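Below: upload01.csv (CSV, C-alpha atoms)
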```csv
chain,number,residue,atom,x,y,z
A,275,MET,CA,0.0,0.0,0.0
A,276,ILE,CA,1.1,3.5,-0.8
A,277,ARG,CA,0.4,5.9,2.1
A,278,SER,CA,1.6,9.4,2.4
A,279,LYS,CA,0.5,12.1,4.8
A,280,LYS,CA,2.3,14.7,2.6
A,281,ILE,CA,-0.1,13.7,-0.3
A,282,THR,CA,-3.3,13.7,1.7
A,283,ASN,CA,-2.4,16.8,3.8
A,284,SER,CA,-1.5,18.7,0.6
A,285,ALA,CA,-5.1,19.0,-0.3
A,286,ARG,CA,-5.7,21.6,2.4
A,287,GLY,CA,-6.4,25.0,0.9
A,288,GLU,CA,-6.1,23.7,-2.7
A,289,ALA,CA,-8.7,24.2,-5.5
A,290,CYS,CA,-11.1,21.3,-6.2
A,291,THR,CA,-9.8,19.2,-9.1
A,292,LEU,CA,-13.0,17.3,-9.5
A,293,GLN,CA,-15.0,20.4,-10.4
A,294,ILE,CA,-18.2,18.5,-11.2
A,295,VAL,CA,-20.5,20.7,-13.2
A,296,GLY,CA,-23.6,21.8,-11.2
A,297,VAL,CA,-22.2,20.3,-8.0
A,298,CYS,CA,-18.8,21.9,-7.1
A,299,ASN,CA,-19.0,24.5,-4.4
A,300,GLY,CA,-15.6,26.0,-5.4
A,301,SER,CA,-14.6,26.4,-1.7
A,302,PRO,CA,-10.9,25.6,-1.0
A,303,GLU,CA,-11.8,25.6,2.7
A,304,THR,CA,-13.7,22.3,2.2
A,305,VAL,CA,-11.1,20.5,-0.1
A,306,VAL,CA,-9.8,17.2,1.1
A,307,PHE,CA,-7.9,14.3,-0.6
A,308,CYS,CA,-10.6,12.0,-2.1
A,309,HIS,CA,-9.6,8.4,-2.7
A,310,PHE,CA,-10.9,6.8,-5.9
A,311,PRO,CA,-11.6,3.1,-6.3
A,312,ASP,CA,-8.9,1.0,-7.9
A,313,GLU,CA,-7.4,-2.5,-7.6
A,314,SER,CA,-5.4,-1.5,-4.5
A,315,HIS,CA,-8.5,-1.3,-2.2
A,316,GLY,CA,-10.8,-3.8,-0.8
A,317,MET,CA,-13.6,-4.1,1.8
A,318,GLY,CA,-13.0,-1.3,4.4
A,319,LEU,CA,-9.6,-0.4,2.8
A,320,LYS,CA,-9.0,2.9,0.9
A,321,ALA,CA,-7.1,2.9,-2.4
A,322,ASP,CA,-3.5,4.0,-2.5
A,323,ASP,CA,-2.7,7.6,-1.9
A,324,ILE,CA,-1.8,8.1,-5.5
A,325,CYS,CA,-5.3,7.1,-6.6
A,326,GLY,CA,-7.3,10.1,-5.8
A,327,GLY,CA,-7.7,13.8,-6.2
A,328,PHE,CA,-8.5,17.1,-4.5
A,329,GLY,CA,-12.2,17.5,-4.0
A,330,CYS,CA,-14.5,20.0,-2.3
A,331,SER,CA,-17.1,18.7,0.1
A,332,ALA,CA,-19.9,18.8,-2.5
A,333,CYS,CA,-17.9,16.9,-5.2
A,334,HIS,CA,-16.6,14.4,-2.6
A,335,ASP,CA,-20.2,13.7,-1.6
A,336,MET,CA,-21.2,13.2,-5.2
A,337,ILE,CA,-18.3,10.8,-5.9
A,338,ASP,CA,-19.1,8.8,-2.8
A,339,GLY,CA,-22.8,8.6,-3.6
A,340,ARG,CA,-24.0,10.7,-0.6
A,341,THR,CA,-26.0,13.3,-2.6
A,342,GLY,CA,-28.9,11.3,-4.0
A,343,LEU,CA,-28.1,12.7,-7.4
A,344,ALA,CA,-27.7,10.4,-10.4
A,345,TRP,CA,-24.8,10.4,-12.9
A,346,GLY,CA,-25.7,11.3,-16.5
A,347,ASP,CA,-24.1,8.2,-18.0
A,348,THR,CA,-22.0,5.3,-16.8
A,349,GLY,CA,-18.7,6.9,-17.9
A,350,GLU,CA,-19.3,10.3,-16.5
A,351,LYS,CA,-18.2,9.5,-12.9
A,352,HIS,CA,-15.0,7.8,-14.1
A,353,TRP,CA,-14.2,10.7,-16.4
A,354,TYR,CA,-14.4,13.2,-13.5
A,355,MET,CA,-12.2,10.9,-11.3
A,356,ARG,CA,-9.6,10.4,-14.0
A,357,ARG,CA,-9.4,14.1,-14.8
A,358,SER,CA,-9.1,14.9,-11.1
A,359,GLN,CA,-6.4,12.4,-10.5
A,360,THR,CA,-4.3,13.8,-13.4
A,361,ARG,CA,-4.9,17.4,-12.3
A,362,THR,CA,-3.9,16.4,-8.7
A,363,LEU,CA,-0.8,14.6,-9.8
A,364,ARG,CA,0.3,17.6,-11.8
A,365,ARG,CA,-0.3,19.9,-8.8
A,366,LEU,CA,1.7,17.5,-6.5
A,367,PHE,CA,4.6,17.7,-9.0
A,368,GLU,CA,4.3,21.5,-9.1
A,369,THR,CA,4.5,21.8,-5.3
A,370,GLY,CA,7.3,19.3,-4.9
A,371,VAL,CA,5.3,16.8,-3.0
A,372,LEU,CA,6.0,14.2,-5.8
A,373,LYS,CA,9.1,14.0,-7.8
A,374,VAL,CA,10.1,12.1,-11.0
A,375,ALA,CA,13.6,10.8,-11.2
```

Write the structure described by the file as structure tokens, please.
Amino acid sequence: MIRSKKITNSARGEACTLQIVGVCNGSPETVVFCHFPDESHGMGLKADDICGGFGCSACHDMIDGRTGLAWGDTGEKHWYMRRSQTRTLRRLFETGVLKVA
């Protein structure tokens, strides 16, 4: 498992990278690191800390299914998660949290 407090804590004060249209509250004060499902997780176990993105409270609730709102199509949720993960990885490189050798 890949666990990094630097990654998860780096979400504090950042912009939401999910930015789900009609959902995002745009408030950096509510942004946390949201874990997205992948093969590294299981029952009661979050995905690795590289499989996620910065999400405001509203977008996080939508991704986790706590809003009661439905997704437009089956690929929409995955598209938002993939875009967020890419945006977040870029931001982590920009801020020096992640480095490529």

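Restricting the calculation to all atoms listed in the file, the smallest distance between A:Thr304 and any of A:Cys330, A:Arg364, A:Thr291, A:Asp335 is found for A:Cys330.
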
A:Asp338 environment, 12 Å, all atoms listed in the file, sequence neighbours closer than 2 positions dropped, as a list in words: Cys308, His309, Phe310, Pro311, Gly329, Ser331, Ala332, Cys333, His334, Asp335, Met336, Arg340, Thr341, Gly342, Leu343, Ala344, Trp345, Lys351 and Met355 of chain A

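The shell of residues at most 12 Å from A:Leu319, with only C-alpha atoms counted and near chain neighbours (fewer than 4 positions) removed, consists of Met275, Ile276, Arg277, His309, Phe310, Pro311, Asp312, Glu313, Ser314, His315 and Asp323 of chain A.
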
Selected residue of minimal separation from A:Ser301 among A:Lys320, A:Tyr354, A:Phe367, A:Phe328, counting all atoms listed in the file: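 Looking at the shortest contact to A:Ser301, the residue is A:Phe328.
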
Interatomic distance, atom CA of A:Ser278 to atom CA of A:Val371 (Å, one decimal):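 Calculated distance between atom CA of A:Ser278 and atom CA of A:Val371 is 9.9 Å.
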
Residues proximal to (-8.8, 14.3, 2.8) were defined as those with any atom within 7 Å of that point in the file's coordinates, counting only C-alpha atoms. Which are they, as a compact mmCIF listing (two decimals) with C-alpha atoms, in the coordinates of the input?
```
# COMPACT_ATOMS: atom_id res chain seq x y z
CA THR A 282 -3.30 13.70 1.70
CA ASN A 283 -2.40 16.80 3.80
CA ALA A 285 -5.10 19.00 -0.30
CA VAL A 306 -9.80 17.20 1.10
CA PHE A 307 -7.90 14.30 -0.60
CA CYS A 308 -10.60 12.00 -2.10
```

Selected residue of minimal separation from A:Arg357 among A:Leu292, A:Leu372, A:Cys298, A:Ile281, counting all atoms listed in the file: A:Leu292

Atom pair atom CA of A:Gly346 / atom CA of A:Gly296: separation (Å):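 Value for the atom CA of A:Gly346-atom CA of A:Gly296 distance: 11.9 Å.
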
Using all atoms listed in the file: which of A:Thr362, A:Gly349, A:Ala375, A:Ile324 has the shortest distance to A:Ala289: A:Thr362

Interatomic distance, atom CA of A:Val374 to atom CA of A:Glu303 (Å, one decimal):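 Atom CA of A:Glu303 lies at a distance of 29.1 Å from atom CA of A:Val374.
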
Nearest to A:Ser284 by atom-to-atom distance, counting only C-alpha atoms, from A:Val297, A:Ile337, A:Cys325, A:Val305: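 Nearest candidate to A:Ser284 out of A:Val297, A:Ile337, A:Cys325, A:Val305: A:Val305.
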